[in-house]
Each structure stands twice: as structure tokens, then as C-alpha cells.
>>> print(open('start.pdb').read())   # PDB, C-alpha atoms
ATOM      1  CA  MET Z   3     297.638 -55.097 214.146
ATOM      2  CA  SER Z   4     301.301 -55.523 213.290
ATOM      3  CA  LYS Z   5     301.268 -59.123 214.613
ATOM      4  CA  LEU Z   6     299.229 -60.352 211.666
ATOM      5  CA  ARG Z   7     300.072 -59.818 208.045
ATOM      6  CA  ALA Z   8     297.699 -59.462 205.145
ATOM      7  CA  ARG Z   9     297.483 -62.703 203.209
ATOM      8  CA  LYS Z  10     297.610 -62.485 199.439
ATOM      9  CA  ARG Z  11     295.561 -65.642 198.962
ATOM     10  CA  PHE Z  12     292.659 -63.933 200.725
ATOM     11  CA  GLY Z  13     293.202 -60.639 198.873
ATOM     12  CA  GLN Z  14     293.491 -58.762 202.164
ATOM     13  CA  ASN Z  15     293.900 -54.986 202.355
ATOM     14  CA  PHE Z  16     292.783 -53.520 205.669
ATOM     15  CA  LEU Z  17     291.057 -50.144 205.844
ATOM     16  CA  THR Z  18     292.826 -48.078 208.512
ATOM     17  CA  ASP Z  19     292.054 -44.433 207.697
ATOM     18  CA  SER Z  20     289.591 -43.220 210.358
ATOM     19  CA  MET Z  21     288.200 -40.495 208.094
ATOM     20  CA  PHE Z  22     287.038 -43.032 205.496
ATOM     21  CA  ILE Z  23     285.869 -45.462 208.164
ATOM     22  CA  ASP Z  24     283.627 -42.720 209.578
ATOM     23  CA  LYS Z  25     282.504 -41.748 206.084
ATOM     24  CA  ILE Z  26     281.386 -45.312 205.347
ATOM     25  CA  ILE Z  27     279.527 -45.583 208.651
ATOM     26  CA  ALA Z  28     277.760 -42.288 207.953
ATOM     27  CA  ALA Z  29     276.716 -43.496 204.490
ATOM     28  CA  LEU Z  30     275.277 -46.725 205.907
ATOM     29  CA  ARG Z  31     272.890 -44.999 208.330
ATOM     30  CA  ILE Z  32     272.576 -48.140 210.455
ATOM     31  CA  ALA Z  33     269.604 -48.232 212.844
ATOM     32  CA  ALA Z  34     269.273 -50.187 216.086
ATOM     33  CA  ASP Z  35     266.691 -52.553 214.590
ATOM     34  CA  ASP Z  36     268.851 -53.421 211.561
ATOM     35  CA  HIS Z  37     270.430 -56.830 211.054
ATOM     36  CA  VAL Z  38     273.811 -56.453 209.350
ATOM     37  CA  ILE Z  39     275.997 -59.060 207.660
ATOM     38  CA  GLU Z  40     279.618 -57.896 207.489
ATOM     39  CA  VAL Z  41     281.753 -59.664 204.892
ATOM     40  CA  GLY Z  42     285.471 -59.804 205.628
ATOM     41  CA  PRO Z  43     285.645 -57.668 208.793
ATOM     42  CA  GLY Z  44     289.427 -58.036 209.019
ATOM     43  CA  TYR Z  45     290.582 -56.462 212.286
ATOM     44  CA  GLY Z  46     287.133 -54.983 212.944
ATOM     45  CA  ALA Z  47     287.634 -51.422 211.705
ATOM     46  CA  LEU Z  48     283.913 -51.163 210.910
ATOM     47  CA  THR Z  49     282.687 -53.898 213.243
ATOM     48  CA  GLY Z  50     282.853 -51.976 216.496
ATOM     49  CA  LEU Z  51     281.119 -48.947 215.003
ATOM     50  CA  LEU Z  52     278.394 -51.116 213.463
ATOM     51  CA  LEU Z  53     277.744 -52.692 216.858
ATOM     52  CA  SER Z  54     277.697 -49.306 218.568
ATOM     53  CA  SER Z  55     274.599 -48.473 216.533
ATOM     54  CA  GLY Z  56     272.686 -51.152 218.430
ATOM     55  CA  ALA Z  57     272.233 -53.330 215.345
ATOM     56  CA  ARG Z  58     272.509 -57.100 215.274
ATOM     57  CA  LEU Z  59     275.725 -58.112 213.465
ATOM     58  CA  ASP Z  60     276.837 -61.387 211.868
ATOM     59  CA  ALA Z  61     280.431 -61.245 210.619
ATOM     60  CA  ILE Z  62     281.865 -63.648 208.025
ATOM     61  CA  GLU Z  63     285.655 -64.111 208.186
ATOM     62  CA  ILE Z  64     287.571 -66.865 206.384
ATOM     63  CA  ASP Z  65     290.958 -66.137 208.000
ATOM     64  CA  ARG Z  66     291.128 -68.135 211.250
ATOM     65  CA  ASP Z  67     293.807 -65.906 212.779
ATOM     66  CA  LEU Z  68     291.715 -62.808 212.187
ATOM     67  CA  ALA Z  69     288.623 -64.649 213.419
ATOM     68  CA  ALA Z  70     290.420 -65.348 216.703
ATOM     69  CA  VAL Z  71     291.165 -61.634 217.108
ATOM     70  CA  LEU Z  72     287.551 -60.714 216.362
ATOM     71  CA  ALA Z  73     286.194 -63.369 218.717
ATOM     72  CA  GLU Z  74     288.337 -62.077 221.563
ATOM     73  CA  ARG Z  75     287.608 -58.415 220.852
ATOM     74  CA  PHE Z  76     283.824 -58.743 220.562
ATOM     75  CA  ALA Z  77     283.178 -61.796 222.745
ATOM     76  CA  ALA Z  78     281.171 -59.768 225.259
ATOM     77  CA  GLN Z  79     278.802 -58.399 222.608
ATOM     78  CA  GLU Z  80     275.508 -60.285 222.745
ATOM     79  CA  ARG Z  81     274.469 -58.910 219.349
ATOM     80  CA  PHE Z  82     277.620 -60.217 217.624
ATOM     81  CA  THR Z  83     277.933 -63.599 215.882
ATOM     82  CA  LEU Z  84     281.100 -64.691 214.093
ATOM     83  CA  HIS Z  85     281.020 -67.164 211.186
ATOM     84  CA  VAL Z  86     284.450 -68.581 210.323
ATOM     85  CA  GLN Z  87     283.873 -69.588 206.736
ATOM     86  CA  ASP Z  88     284.116 -68.608 203.088
ATOM     87  CA  ALA Z  89     281.588 -65.898 202.187
ATOM     88  CA  LEU Z  90     281.130 -67.625 198.810
ATOM     89  CA  GLN Z  91     279.576 -70.550 200.698
ATOM     90  CA  PHE Z  92     277.504 -68.472 203.097
ATOM     91  CA  ASP Z  93     273.738 -69.003 203.025
ATOM     92  CA  LEU Z  94     271.672 -65.969 204.029
ATOM     93  CA  ALA Z  95     268.424 -67.945 204.184
ATOM     94  CA  THR Z  96     268.926 -69.408 207.666
ATOM     95  CA  ILE Z  97     269.678 -66.035 209.254
ATOM     96  CA  ALA Z  98     266.992 -64.107 207.375
ATOM     97  CA  THR Z  99     264.338 -66.733 208.056
ATOM     98  CA  ALA Z 100     265.154 -66.899 211.757
ATOM     99  CA  ALA Z 101     265.277 -63.112 212.038
ATOM    100  CA  GLY Z 102     262.049 -62.661 210.108
ATOM    101  CA  HIS Z 103     263.355 -59.728 208.117
ATOM    102  CA  THR Z 104     265.746 -58.810 205.334
ATOM    103  CA  LEU Z 105     269.438 -58.214 205.891
ATOM    104  CA  ARG Z 106     271.847 -55.371 205.213
ATOM    105  CA  ILE Z 107     275.126 -56.553 203.669
ATOM    106  CA  VAL Z 108     278.349 -54.596 204.221
ATOM    107  CA  GLY Z 109     281.891 -55.429 203.256
ATOM    108  CA  ASN Z 110     285.321 -54.589 201.929
ATOM    109  CA  LEU Z 111     285.359 -57.274 199.250
ATOM    110  CA  PRO Z 112     288.658 -58.901 198.230
ATOM    111  CA  TYR Z 113     289.502 -57.752 194.716
ATOM    112  CA  ASN Z 114     290.236 -61.292 193.523
ATOM    113  CA  ILE Z 115     286.726 -62.641 194.239
ATOM    114  CA  SER Z 116     284.561 -59.510 194.153
ATOM    115  CA  THR Z 117     282.548 -60.475 191.055
ATOM    116  CA  PRO Z 118     281.806 -64.063 192.225
ATOM    117  CA  LEU Z 119     280.729 -62.660 195.605
ATOM    118  CA  LEU Z 120     278.414 -60.144 193.961
ATOM    119  CA  PHE Z 121     276.743 -62.910 191.967
ATOM    120  CA  HIS Z 122     276.559 -65.113 195.063
ATOM    121  CA  PHE Z 123     274.575 -62.462 196.923
ATOM    122  CA  LEU Z 124     272.595 -61.586 193.823
ATOM    123  CA  GLN Z 125     271.241 -65.142 193.833
ATOM    124  CA  GLN Z 126     270.087 -64.579 197.432
ATOM    125  CA  ARG Z 127     268.560 -61.169 196.754
ATOM    126  CA  GLN Z 128     265.194 -62.033 198.317
ATOM    127  CA  TYR Z 129     266.862 -61.900 201.746
ATOM    128  CA  ILE Z 130     268.612 -58.570 201.184
ATOM    129  CA  ARG Z 131     267.434 -55.070 202.066
ATOM    130  CA  ASP Z 132     270.514 -53.357 200.626
ATOM    131  CA  MET Z 133     274.251 -53.832 200.118
ATOM    132  CA  HIS Z 134     277.214 -51.503 200.589
ATOM    133  CA  PHE Z 135     280.557 -52.732 199.321
ATOM    134  CA  MET Z 136     284.044 -51.351 198.930
ATOM    135  CA  LEU Z 137     285.391 -52.564 195.618
ATOM    136  CA  GLN Z 138     288.081 -51.798 193.112
ATOM    137  CA  SER Z 139     287.011 -48.515 191.499
ATOM    138  CA  GLU Z 140     287.195 -50.091 188.058
ATOM    139  CA  VAL Z 141     284.664 -52.746 189.118
ATOM    140  CA  VAL Z 142     282.321 -50.052 190.421
ATOM    141  CA  ASP Z 143     282.698 -48.262 187.064
ATOM    142  CA  ARG Z 144     281.477 -51.428 185.360
ATOM    143  CA  ILE Z 145     278.558 -51.886 187.724
ATOM    144  CA  VAL Z 146     277.187 -48.348 187.326
ATOM    145  CA  ALA Z 147     278.077 -48.016 183.622
ATOM    146  CA  LYS Z 148     275.508 -46.868 181.073
ATOM    147  CA  PRO Z 149     274.957 -48.257 177.561
ATOM    148  CA  ASP Z 150     277.280 -47.109 174.769
ATOM    149  CA  SER Z 151     280.313 -47.097 177.068
ATOM    150  CA  LYS Z 152     283.307 -49.420 177.232
ATOM    151  CA  ALA Z 153     282.640 -50.251 180.895
ATOM    152  CA  TYR Z 154     279.072 -51.407 180.201
ATOM    153  CA  GLY Z 155     278.771 -55.174 180.188
ATOM    154  CA  ARG Z 156     277.330 -58.307 181.738
ATOM    155  CA  LEU Z 157     277.957 -57.124 185.309
ATOM    156  CA  SER Z 158     276.287 -53.764 184.594
ATOM    157  CA  VAL Z 159     273.099 -55.254 183.155
ATOM    158  CA  MET Z 160     272.788 -58.101 185.660
ATOM    159  CA  LEU Z 161     273.104 -55.904 188.722
ATOM    160  CA  GLN Z 162     271.154 -52.959 187.307
ATOM    161  CA  TYR Z 163     268.217 -55.228 186.482
ATOM    162  CA  TYR Z 164     267.849 -56.181 190.142
ATOM    163  CA  PHE Z 165     269.288 -53.138 191.939
ATOM    164  CA  ASN Z 166     269.602 -49.395 191.807
ATOM    165  CA  THR Z 167     273.373 -48.912 191.666
ATOM    166  CA  GLU Z 168     275.119 -45.863 193.113
ATOM    167  CA  ARG Z 169     278.784 -44.992 193.451
ATOM    168  CA  LEU Z 170     279.155 -43.108 196.752
ATOM    169  CA  PHE Z 171     282.814 -42.047 196.897
ATOM    170  CA  LYS Z 172     286.350 -43.145 196.105
ATOM    171  CA  VAL Z 173     288.832 -44.409 198.701
ATOM    172  CA  PRO Z 174     292.552 -43.893 197.949
ATOM    173  CA  ALA Z 175     295.102 -46.675 198.262
ATOM    174  CA  ALA Z 176     296.758 -44.827 201.159
ATOM    175  CA  ALA Z 177     293.681 -45.498 203.310
ATOM    176  CA  PHE Z 178     294.631 -49.206 203.478
ATOM    177  CA  GLN Z 179     297.387 -51.338 204.958
ATOM    178  CA  PRO Z 180     298.997 -52.695 202.931
ATOM    179  CA  ALA Z 181     298.172 -50.154 200.248
ATOM    180  CA  PRO Z 182     296.699 -51.834 197.149
ATOM    181  CA  LYS Z 183     297.852 -50.869 193.685
ATOM    182  CA  VAL Z 184     294.393 -49.609 192.766
ATOM    183  CA  VAL Z 185     291.895 -46.994 193.889
ATOM    184  CA  SER Z 186     288.768 -48.291 195.623
ATOM    185  CA  ALA Z 187     285.202 -46.993 195.705
ATOM    186  CA  VAL Z 188     282.148 -47.536 197.879
ATOM    187  CA  LEU Z 189     279.055 -48.843 196.098
ATOM    188  CA  ARG Z 190     275.423 -48.866 197.221
ATOM    189  CA  LEU Z 191     273.018 -51.487 195.833
ATOM    190  CA  ALA Z 192     269.338 -51.115 196.715
ATOM    191  CA  PRO Z 193     266.638 -53.427 195.277
ATOM    192  CA  ARG Z 194     264.913 -51.975 192.217
ATOM    193  CA  GLU Z 195     261.166 -52.157 191.821
ATOM    194  CA  ARG Z 196     260.209 -53.991 188.632
ATOM    195  CA  SER Z 197     256.874 -54.322 186.911
ATOM    196  CA  GLN Z 198     255.419 -57.684 185.945
ATOM    197  CA  ALA Z 199     256.061 -56.744 182.317
ATOM    198  CA  GLU Z 200     259.806 -56.677 183.109
ATOM    199  CA  ALA Z 201     259.874 -60.142 184.678
ATOM    200  CA  VAL Z 202     262.679 -62.450 183.539
ATOM    201  CA  VAL Z 203     264.081 -65.745 184.768
ATOM    202  CA  PHE Z 204     267.472 -65.277 186.476
ATOM    203  CA  ASP Z 205     269.158 -68.150 184.623
ATOM    204  CA  ASP Z 206     267.824 -66.958 181.263
ATOM    205  CA  LEU Z 207     269.120 -63.441 181.813
ATOM    206  CA  GLU Z 208     272.509 -64.742 182.917
ATOM    207  CA  GLN Z 209     272.754 -67.103 179.910
ATOM    208  CA  LEU Z 210     271.765 -64.316 177.554
ATOM    209  CA  LEU Z 211     274.315 -61.852 178.927
ATOM    210  CA  ARG Z 212     277.139 -64.383 178.885
ATOM    211  CA  ALA Z 213     276.464 -64.996 175.210
ATOM    212  CA  ALA Z 214     275.860 -61.339 174.325
ATOM    213  CA  PHE Z 215     279.123 -60.080 175.821
ATOM    214  CA  GLN Z 216     281.353 -63.036 174.974
ATOM    215  CA  GLN Z 217     283.076 -60.996 172.235
ATOM    216  CA  ARG Z 218     282.405 -57.306 172.634
ATOM    217  CA  ARG Z 219     283.703 -56.307 169.212
ATOM    218  CA  LYS Z 220     281.284 -58.589 167.396
ATOM    219  CA  THR Z 221     277.688 -57.735 166.581
ATOM    220  CA  ILE Z 222     274.796 -58.976 168.676
ATOM    221  CA  LYS Z 223     273.744 -61.100 165.694
ATOM    222  CA  ASN Z 224     277.031 -63.003 165.795
ATOM    223  CA  ASN Z 225     277.208 -63.337 169.574
ATOM    224  CA  LEU Z 226     273.623 -64.580 169.890
ATOM    225  CA  ARG Z 227     273.550 -66.775 166.767
ATOM    226  CA  SER Z 228     273.145 -69.925 168.889
ATOM    227  CA  LEU Z 229     270.033 -68.447 170.524
ATOM    228  CA  PHE Z 230     268.350 -66.239 167.889
ATOM    229  CA  ASP Z 231     268.457 -65.748 164.145
ATOM    230  CA  GLU Z 232     268.344 -62.348 162.454
ATOM    231  CA  ASN Z 233     264.566 -62.497 161.994
ATOM    232  CA  ASP Z 234     264.104 -63.138 165.714
ATOM    233  CA  LEU Z 235     266.195 -60.087 166.548
ATOM    234  CA  GLN Z 236     264.320 -57.843 164.149
ATOM    235  CA  ARG Z 237     260.993 -59.072 165.515
ATOM    236  CA  LEU Z 238     262.184 -58.039 168.987
ATOM    237  CA  ASP Z 239     263.211 -54.611 167.639
ATOM    238  CA  ILE Z 240     266.912 -55.387 168.087
ATOM    239  CA  ASP Z 241     269.329 -54.127 165.455
ATOM    240  CA  PRO Z 242     271.340 -57.239 164.459
ATOM    241  CA  ARG Z 243     274.306 -55.002 163.609
ATOM    242  CA  ALA Z 244     274.463 -53.431 167.076
ATOM    243  CA  ARG Z 245     277.249 -54.384 169.456
ATOM    244  CA  PRO Z 246     276.260 -55.675 172.898
ATOM    245  CA  GLU Z 247     277.216 -52.452 174.693
ATOM    246  CA  ASN Z 248     274.726 -50.557 172.504
ATOM    247  CA  LEU Z 249     271.706 -52.445 173.851
ATOM    248  CA  HIS Z 250     269.660 -50.911 176.667
ATOM    249  CA  MET Z 251     267.962 -52.701 179.551
ATOM    250  CA  PRO Z 252     264.499 -53.022 177.891
ATOM    251  CA  GLN Z 253     266.131 -54.745 174.911
ATOM    252  CA  PHE Z 254     267.949 -57.258 177.112
ATOM    253  CA  ILE Z 255     264.689 -57.885 178.964
ATOM    254  CA  ARG Z 256     262.889 -58.639 175.690
ATOM    255  CA  LEU Z 257     265.664 -61.021 174.670
ATOM    256  CA  ALA Z 258     265.619 -62.826 178.020
ATOM    257  CA  GLN Z 259     261.821 -63.179 177.854
ATOM    258  CA  ALA Z 260     262.053 -64.527 174.305
ATOM    259  CA  LEU Z 261     264.661 -67.035 175.471
ATOM    260  CA  GLN Z 262     262.260 -68.231 178.165
ATOM    261  CA  GLU Z 263     259.473 -68.626 175.589
ATOM    262  CA  GLN Z 264     261.686 -70.950 173.535
ATOM    263  CA  GLN Z 265     261.857 -73.465 176.371
TER
END
>>> encode(input="start.pdb", output="C-alpha cells")
Amino acid sequence: MSKLRARKRFGQNFLTDSMFIDKIIAALRIAADDHVIEVGPGYGALTGLLLSSGARLDAIEIDRDLAAVLAERFAAQERFTLHVQDALQFDLATIATAAGHTLRIVGNLPYNISTPLLFHFLQQRQYIRDMHFMLQSEVVDRIVAKPDSKAYGRLSVMLQYYFNTERLFKVPAAAFQPAPKVVSAVLRLAPRERSQAEAVVFDDLEQLLRAAFQQRRKTIKNNLRSLFDENDLQRLDIDPRARPENLHMPQFIRLAQALQEQQ
């Protein structure tokens, strides 16, 4: 492992603590008939244990030097496929369609692109059974945050609309090499059942949330003035004086549905 250094441009911090590696594997509960996509396997700390479960594993690694190590280490594994590419460009459809079932996504996401990666997979949610990610603890706080809190925002609402979000446990900086300057946490995302009455268009919800949270200190009336007037908000039972973090999921759903009706 000492032959290769973590590259800042890829946001690399490698999990090396065996106790936390085992804890993650235990939380995943991988079965032999699962099909797992591992994002950023690094040196394969989780990879070997995932394969030992009997599951099919596709690993996505952008670093060609690390990919060479992984290819050599797991070359004999028939259930292992390595994709040397950017996870932000990875299309789950081909694998899921060929496999005929949904996929389980696992990864230690680079801190510098964690939010774009989450949205990338969110847009491919129909192919996903569940996701388990190690992220900066602060990002996990935002994802699982409840209304009326400072952490609650666009990321909270977007992910909580589509998934049940659960923080599993924290992982200290000392568990990585090199040690990051932040604490990490493991997050579970499992698809949330939604009624037809809750249906929204993805792009409408995203547009709405971008506008709603563009300036957190301003009222929802001010932030959404390009989309709704005060009468519209009152008709939807939205207090125009409320700040965006005060709105609950049903209110954002009503706003997103109203936005769709305008088109």
C-alpha cells in the first residue's frame, strides 16, 4: 500500500481500520444473490470481503494505478468486473438491465464530489435496491436532517423524498490513511414507498428546492417569487413568511405539484 499515494485531485482517503471495515460489511448484510456496485474501491479494503459473500461485484475506479492493483488482486474472481472510469459518468442501466434485477451501491465517496455523486445515482434510482455510503459526517447530518434545523436543506428534502435515510455510525479520521481533517459517517439509503398523491416530477422538485433554499435567511415568499405569488402560497397552505427550513415534506410536495400544473 505504501507504493501508491493518495491523490488529492481524486479526494482519496483509504479506510484501513479492520474494525470499521468489518462493521461496514456487517451493516451491509450482503447475500450471495446480490449484485453490488462498489464506488471507489481504492486498494480493495471492502472488495475482497464483498466478493467472499458470493455476490456479483462491479467496481468503479477512476485512478488507473489503483485499478491496476485491483485488476491484479482480483483477476481470478469470475464474479468481479472492474470499470476504470469516473463514477459521475457511470450508467447503471446497462448492468441492471442485463442482470434483470436492481443493484446495491456501496462506496467511500470522495468528499469533494459526494453531493454530485448522490444526485447522479438519485437520477438512476429505478435501478437501485439500496445504497450505503461513507461520507463526511456533516454531509450525513444534512441528508438526515429534520425541518426547523440549520442542517435541513435541498439535499435533505431531495433524498428524503425518494429514500428512507439512516445514519448508521461514525468513523473517526484515524481509521483512514491519510487521515482526513473531518469525521466520517456511514449512511444507508433505502427506497421510500410513495403514494400516487405524493407524485412529483424530479426536475420540478429539483427546480423548486434550488429556488427555495437559494437564500436561507429570506422568506419562502421572497425565494419563490419567480415561481409563485403570495396568493398562490396561501392557497397551498404555505405561510409566505416562513423560511425554507421551516417547510415540511408535504408542503414541498404541494409546491412541486403546483409547479408542474403551471406548465
>>> residues_around(input="start.pdb", residues="Glu168 of chain Z", least_positions_apart="6", cutoff="8 Å", atoms="all atoms listed in the file", output="list in words")
Val146, Leu189, Arg190 and Leu191 of chain Z
>>> atom_distance(input="start.pdb", atom1="atom CA of Leu170 of chain Z", atom2="atom CA of Val188 of chain Z")
5.5 Å
>>> resolve_selection(input="start.pdb", expression="the PyMOL selection byres ((chain Z and resi 161) around 10)", output="PyMOL selection string")
chain Z and resi 120-121+124+145-146+156-160+162-167+191+193-194
>>> write_last_selection(input="start.pdb", atoms="C-alpha atoms", output="PDB file, in the coordinates of the input")
ATOM      1  CA  LEU Z 120     278.414 -60.144 193.961  1.00  0.00           C
ATOM      2  CA  PHE Z 121     276.743 -62.910 191.967  1.00  0.00           C
ATOM      3  CA  LEU Z 124     272.595 -61.586 193.823  1.00  0.00           C
ATOM      4  CA  ILE Z 145     278.558 -51.886 187.724  1.00  0.00           C
ATOM      5  CA  VAL Z 146     277.187 -48.348 187.326  1.00  0.00           C
ATOM      6  CA  ARG Z 156     277.330 -58.307 181.738  1.00  0.00           C
ATOM      7  CA  LEU Z 157     277.957 -57.124 185.309  1.00  0.00           C
ATOM      8  CA  SER Z 158     276.287 -53.764 184.594  1.00  0.00           C
ATOM      9  CA  VAL Z 159     273.099 -55.254 183.155  1.00  0.00           C
ATOM     10  CA  MET Z 160     272.788 -58.101 185.660  1.00  0.00           C
ATOM     11  CA  GLN Z 162     271.154 -52.959 187.307  1.00  0.00           C
ATOM     12  CA  TYR Z 163     268.217 -55.228 186.482  1.00  0.00           C
ATOM     13  CA  TYR Z 164     267.849 -56.181 190.142  1.00  0.00           C
ATOM     14  CA  PHE Z 165     269.288 -53.138 191.939  1.00  0.00           C
ATOM     15  CA  ASN Z 166     269.602 -49.395 191.807  1.00  0.00           C
ATOM     16  CA  THR Z 167     273.373 -48.912 191.666  1.00  0.00           C
ATOM     17  CA  LEU Z 191     273.018 -51.487 195.833  1.00  0.00           C
ATOM     18  CA  PRO Z 193     266.638 -53.427 195.277  1.00  0.00           C
ATOM     19  CA  ARG Z 194     264.913 -51.975 192.217  1.00  0.00           C
TER      20      ARG Z 194
END
>>> closest_residue(input="start.pdb", among="Z:Pro174, Z:Pro149, Z:Pro180, Z:Pro242", to="Thr221 of chain Z", atoms="only C-alpha atoms")
Z:Pro242
>>> residues_around(input="start.pdb", residues="segment 32-42 of chain Z", least_positions_apart="5", cutoff="7 Å", atoms="only C-alpha atoms", output="JSON, numbers by chain")
{"Z": [55, 56, 57, 58, 59, 60, 61, 62, 63, 89, 105, 106, 107, 108, 109, 110, 111]}
